[in-house]
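See structure below.
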Amino acid sequence: MDAPPQDSPASPPLRTFVRGASAGVRSVFFYVLIGNYVGLGALSYEFGFSIWWMVASTLLVWAAPAQVILISTLPTAALVEVALAVTLSSVRFLPMVAALIPLFKAPGVRQRDLLLPMHLTAISVWVEGMRLVPQQPRGERVAFYNGLGVGLMGAAVIGSATGYVLAAQLPPLLAATLLFFTPMALLMSSARNARALLDRVAFALGLVVGPIVAWLSLGLDLMWTGLIAGTIAYLIHRWRESRQGGAA
């Protein structure tokens with residue numbers, strides 16, 4: 001789709017916001033997030049948190065991995081340790097925010113206008129934002145992105161509340177299966193976003209290395225899986241580039 005003319009009259013902010021929220025509801029990530037947060041809602045129930053606490057953490061933290069850390073460590077770890085772990089897990093959003101800021105630059109856009117878009121930035125919102133925001137007139141991009149983020153965040157709230165209620169009412173075995181929604185949803189979204197060969201190789205290697213690391217009981221399974229699979233994928237990528245350069 002061609003980008004709309006940049007000098008076209010800007011739509012009212014509310015209408016642009018609603019258009020962004022509608023794009024979020026139509027996105028495949030809307031349904032991925034519902035499935036993802038169903039598992040998180042069930043997890044929060046198992047750890048004894050209230051449904052309102054779960055919804056509030058979704059609105060304030062808005063990052064599934066960070067919320068898993070928060071839910072699983074808060075009952076046993078010191079508050080400072082939990083805060084540090086959640087903060088470090090969210091550092092990955094800094095490059096995403098840096099990539100978004102140039103898209104929002106427009107006359108009349110103030111720094112404080114970017115606070116809400118930055119908070120709404122998550123992997124799902126960022127991916128859809130990078131795809132859809134450049135198609136919007138510059139004067140409407142902030143409002144559109146805010147609507148997109150709120151629309152996708154709504155899916156997370158629906159999913160977390162649903163998972164919590166189901167975990168409270170279902171038999172223990174069925175409630176336990178809800179916990180598998182989180183890793184499966186993350187797995188599917190990662191597979192969908194793996195477009196470059198480097199990403200696909202790293203993804204495939206992670207599926208192989210992960211079970212091996214878990215079987216070896218090394219501890220810190222995700223960290224070692226990422227380091228090993230990512231390093232091998234990077235070396236393969238560099239070797240492939242060097243061969244292509246030599247052939248040229």
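All residue names refer to the structure tokens as shown: chains lettered A, B, ... in order, residues numbered from 1 in each chain, ligands numbered from 1 in order.
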(message) Can you pull out every residue from region 23-232 of chain A that DSSP, working from the backbone, puts in helix (DSSP H, G or I), and format the result as a ChimeraX atom specification?
(response) /A:23-26,28-46,51-60,64-73,79-89,93-104,111-120,123-135,138-169,172-178,181-193,197-216,221-232
(message) Need to verify the contact set: region 140-150 of chain A, 10 Å, only C-alpha atoms, exclusion of same-chain residues closer than 3 positions in sequence. Can you return it as a ChimeraX atom specification?
(response) /A:6,9-25,27,59,101,103-106,109,113-114,116-122,124-126,128-130,132-137,153-156
Deliver the residues from the most recent selection as a file, using C-alpha atoms, as a short mmCIF file (atom, residue, chain, number, x, y, z; two decimals), in the first residue's frame.
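Contents of again.cif, freshly written:
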```cif
data_model
loop_
_atom_site.label_atom_id
_atom_site.label_comp_id
_atom_site.auth_asym_id
_atom_site.auth_seq_id
_atom_site.Cartn_x
_atom_site.Cartn_y
_atom_site.Cartn_z
CA GLN A 6 2.26 13.84 3.70
CA PRO A 9 -5.11 17.39 6.11
CA ALA A 10 -4.68 15.55 9.39
CA SER A 11 -7.64 13.58 10.69
CA PRO A 12 -8.94 14.35 14.20
CA PRO A 13 -6.71 12.66 16.82
CA LEU A 14 -9.59 10.58 18.19
CA ARG A 15 -10.48 9.24 14.76
CA THR A 16 -6.84 8.41 14.08
CA PHE A 17 -6.58 6.72 17.49
CA VAL A 18 -9.65 4.58 16.73
CA ARG A 19 -8.20 3.65 13.34
CA GLY A 20 -5.01 2.49 15.05
CA ALA A 21 -6.95 0.49 17.65
CA SER A 22 -8.94 -1.14 14.84
CA ALA A 23 -5.68 -2.11 13.11
CA GLY A 24 -4.52 -3.68 16.37
CA VAL A 25 -7.70 -5.74 16.73
CA SER A 27 -3.71 -7.94 13.62
CA LEU A 59 -1.06 -2.38 32.01
CA ILE A 101 11.47 7.92 17.26
CA LEU A 103 9.05 7.96 12.45
CA PHE A 104 7.29 10.25 14.93
CA LYS A 105 9.25 13.42 14.19
CA ALA A 106 6.85 16.04 12.88
CA VAL A 109 5.23 16.75 18.21
CA ASP A 113 3.89 13.36 23.36
CA LEU A 114 6.23 10.37 22.96
CA LEU A 116 2.79 7.04 25.91
CA PRO A 117 4.06 5.53 22.62
CA MET A 118 7.28 4.52 24.37
CA HIS A 119 5.35 2.81 27.18
CA LEU A 120 3.13 1.01 24.69
CA THR A 121 6.13 -0.34 22.79
CA ALA A 122 6.31 -4.12 23.01
CA SER A 124 4.03 -7.10 18.94
CA VAL A 125 3.25 -3.36 18.86
CA TRP A 126 6.69 -2.55 17.46
CA GLU A 128 3.01 -3.86 13.58
CA GLY A 129 4.03 -0.24 14.13
CA MET A 130 7.07 -0.51 11.86
CA LEU A 132 1.83 0.39 9.50
CA VAL A 133 3.08 3.70 10.93
CA PRO A 134 5.12 4.75 7.84
CA GLN A 135 1.89 4.54 5.82
CA GLN A 136 0.28 7.25 7.98
CA PRO A 137 0.69 11.03 7.53
CA MET A 153 -2.80 -4.24 25.06
CA GLY A 154 -6.55 -4.87 25.25
CA ALA A 155 -5.92 -8.38 23.92
CA ALA A 156 -3.43 -8.96 26.74
#
```
Surrounding residues of Gly163 (chain A) excluding itself and chain neighbours under 4 positions, 10 Å, only C-alpha atoms, as a tab-separated table (two decimals) with C-alpha atoms, in the first residue's frame:
```tsv
chain	number	residue	atom	x	y	z
A	34	ILE	CA	-4.73	-13.47	23.99
A	35	GLY	CA	-3.24	-16.98	23.92
A	36	ASN	CA	-0.02	-15.77	25.48
A	37	TYR	CA	-1.70	-13.96	28.35
A	38	VAL	CA	-4.15	-16.78	29.03
A	39	GLY	CA	-1.10	-18.68	30.21
A	40	LEU	CA	0.12	-15.72	32.25
A	41	GLY	CA	-3.29	-15.34	33.88
A	42	ALA	CA	-3.21	-18.98	34.89
A	43	LEU	CA	0.33	-18.55	36.21
A	44	SER	CA	-0.68	-15.59	38.37
A	45	TYR	CA	-3.55	-17.62	39.83
A	51	ILE	CA	-7.03	-10.92	39.05
A	157	VAL	CA	-5.91	-7.76	29.36
A	158	ILE	CA	-8.65	-10.01	27.93
A	159	GLY	CA	-6.29	-12.98	27.81
A	167	ALA	CA	-7.48	-21.55	36.08
A	168	ALA	CA	-9.77	-20.92	39.05
A	169	GLN	CA	-12.63	-22.98	37.65
A	175	ALA	CA	-5.66	-25.56	34.34
A	178	LEU	CA	-3.07	-23.21	30.18
A	179	LEU	CA	0.52	-22.56	31.24
A	181	PHE	CA	0.04	-21.03	26.06
```
(request) Between A:Thr76, A:Tyr164, A:Val91, A:Gly151, single out the one closest to Phe49 (chain A), counting only C-alpha atoms. (result)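 Closest to Phe49 (chain A) of all the choices is A:Tyr164.
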(message) Report as a PyMOL selection string all protein, DNA and RNA residues lying within 12 Å of region 195-206 of chain A, evaluated on only C-alpha atoms, omitting residues in the same chain fewer than 3 positions from it.
(response) chain A and resi 186-192+209-214+221-241
Write the residues of the preceding selection, restricted to C-alpha atoms, as a PDB file, in the first residue's frame.
```pdb
ATOM      1  CA  LEU A 186       6.162 -16.865  22.050  1.00  0.00           C
ATOM      2  CA  LEU A 187       7.369 -19.710  19.834  1.00  0.00           C
ATOM      3  CA  MET A 188       4.791 -18.940  17.129  1.00  0.00           C
ATOM      4  CA  SER A 189       5.429 -15.188  17.178  1.00  0.00           C
ATOM      5  CA  SER A 190       9.201 -15.769  16.949  1.00  0.00           C
ATOM      6  CA  ALA A 191       8.712 -18.097  13.983  1.00  0.00           C
ATOM      7  CA  ARG A 192       6.470 -15.535  12.268  1.00  0.00           C
ATOM      8  CA  VAL A 209      20.098 -26.647  21.445  1.00  0.00           C
ATOM      9  CA  GLY A 210      17.375 -25.833  23.999  1.00  0.00           C
ATOM     10  CA  PRO A 211      16.373 -29.437  24.820  1.00  0.00           C
ATOM     11  CA  ILE A 212      20.037 -30.487  24.952  1.00  0.00           C
ATOM     12  CA  VAL A 213      20.901 -27.736  27.435  1.00  0.00           C
ATOM     13  CA  ALA A 214      17.847 -28.633  29.522  1.00  0.00           C
ATOM     14  CA  ASP A 221      18.819 -22.784  30.071  1.00  0.00           C
ATOM     15  CA  LEU A 222      17.485 -19.837  28.066  1.00  0.00           C
ATOM     16  CA  MET A 223      20.700 -17.856  28.392  1.00  0.00           C
ATOM     17  CA  TRP A 224      22.908 -20.729  27.260  1.00  0.00           C
ATOM     18  CA  THR A 225      20.520 -21.619  24.446  1.00  0.00           C
ATOM     19  CA  GLY A 226      20.569 -18.042  23.174  1.00  0.00           C
ATOM     20  CA  LEU A 227      24.357 -17.737  23.431  1.00  0.00           C
ATOM     21  CA  ILE A 228      25.102 -21.064  21.747  1.00  0.00           C
ATOM     22  CA  ALA A 229      22.454 -20.972  19.020  1.00  0.00           C
ATOM     23  CA  GLY A 230      22.930 -17.254  18.341  1.00  0.00           C
ATOM     24  CA  THR A 231      26.711 -17.556  18.085  1.00  0.00           C
ATOM     25  CA  ILE A 232      26.530 -20.535  15.709  1.00  0.00           C
ATOM     26  CA  ALA A 233      23.937 -18.750  13.563  1.00  0.00           C
ATOM     27  CA  TYR A 234      26.110 -15.629  13.440  1.00  0.00           C
ATOM     28  CA  LEU A 235      29.191 -17.625  12.415  1.00  0.00           C
ATOM     29  CA  ILE A 236      27.200 -19.361   9.679  1.00  0.00           C
ATOM     30  CA  HIS A 237      25.958 -15.957   8.496  1.00  0.00           C
ATOM     31  CA  ARG A 238      29.502 -14.530   8.365  1.00  0.00           C
ATOM     32  CA  TRP A 239      30.789 -17.639   6.553  1.00  0.00           C
ATOM     33  CA  ARG A 240      27.992 -17.344   3.988  1.00  0.00           C
ATOM     34  CA  GLU A 241      28.709 -13.638   3.437  1.00  0.00           C
TER      35      GLU A 241
END
```
(request) For Ser90 (chain A), please output as a count of residues only all residues within 9 Å (counting only C-alpha atoms; exclusion window: fewer than 5 positions along the same chain). (result) 4
